[in-house]
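One structure below.
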Amino acid sequence: MKPKVYVTYKMPDDVEQFMKQHCDIRKWEGEGLIPRDVLLKEIADVDGLYSSRNSGGIVDEELLRSAPLLKAVSTVSVGYNHFDVQALKKHNVIGTHTPDVLNETVADLAFGLIISTARRIVELDRFVKQGNWKSTAKYDESYGQDVHSSTIGIIGMGRIGEAIAKRAKFGFNMDVLYYNRNRKPDAEEKYGAEYCDMESLLTRSDFVVLMTPLTPETIQIIGAKEFKLMKKTACFINVSRGQTVDEKAMIDALNNGEIYAAGLDVYETEPVEMDNPLLTMPNVVTVPHIGSATAKTEDAMAMKAAENIVAILTRKGKFDKAD
């Protein structure tokens, strides 16, 4: 008999066909996200759960108690802060995620936010479309800041951080600083990256890019103290997780002119609430958590997640464990 897998994520057709070759799958066919009570009933007799951080909710003690046969949980995401890793270990369930596949795509977005904030692209796009471009005599009103030959500070030099460093060094001739739990000699050699402490990075960088995973140690790693250390001309970019930043402190820093601008893909509450002051600030670029959101990359992540769960349930092949 094939192992049983419950699916809450809308899979591409080729991924579904791959899964059906190896597993008996049952899918959530309802509108919107699957309700928690429905999910807990559906997984009572399955060997695997295939979902994402948005489509399956938190994988915790309650869920694992509801699925006594569960052997594997596969998420279509690189982040797995929605997994209770200790509970997974307790129940002998393997959690997997999809690293590497999205590195270059997320790095592209990070640089899109860097350029958009520095050159005020979104703000000036609205300026033109609203009919405010009346004269070419006052170009200083549309001045931004140079990206090339500036200094970038990357907090979290994982694979995506290295992809950002590569673009910074070779595409924009930037000096690269980084802060990380461990030094990365390869990144230092390849990109001329300089390892430094957090305070030095914040005070020297023209662009501060936050790329840390969300862990107990990184919750609000950037707060009022850190914003005060940044240059008044600094652009702050967050493509990690919203909870890594004290959002109120960031709003205060923007209002008080402590930093120049912010480019954000993530927020404390998602979807972002419409009364959030960030949405009315002309020097803040806001996008809806689209780090990996290209068809090619999302499809590749979906296939990687399928390969992960199949490898575990069939005991054939390698998988990317979330630990």
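Ordering of the structure tokens sets the chain letters (A, B, ...); residue numbers start at 1 within each chain; ligands are numbered from 1 in the order shown.
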- request: Could you give me, as a PyMOL selection string, each residue of region 60-185 of chain A that DSSP assigns to strand (DSSP E) when run on this structure's backbone?
  value: chain A and resi 72-75+94-96+151-155+175-179
query: Do you know which residues are at most 7 Å from Arg241 (chain A) counting only C-alpha atoms, after dropping those on the same chain fewer than 3 positions away, and could you put them as a ChimeraX atom specification?
result: /A:214,244,266-267
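You can rank A:Val128, A:Val15, A:Ala261, A:Met157 by their closest distance to Ser116 (chain A) using only C-alpha atoms, and at the top of that list sits A:Ala261.
Nearest to Asn81 (chain A) of all the residues A:Asn255, A:Asn238, A:Thr212, A:Thr8 is A:Thr212, based on only C-alpha atoms.
Minimum atom-to-atom distances from A:Gly161, A:Ile155, A:Thr98, A:Asp275 to Asp197 (chain A) were compared using only C-alpha atoms, and the lowest value belongs to A:Ile155.
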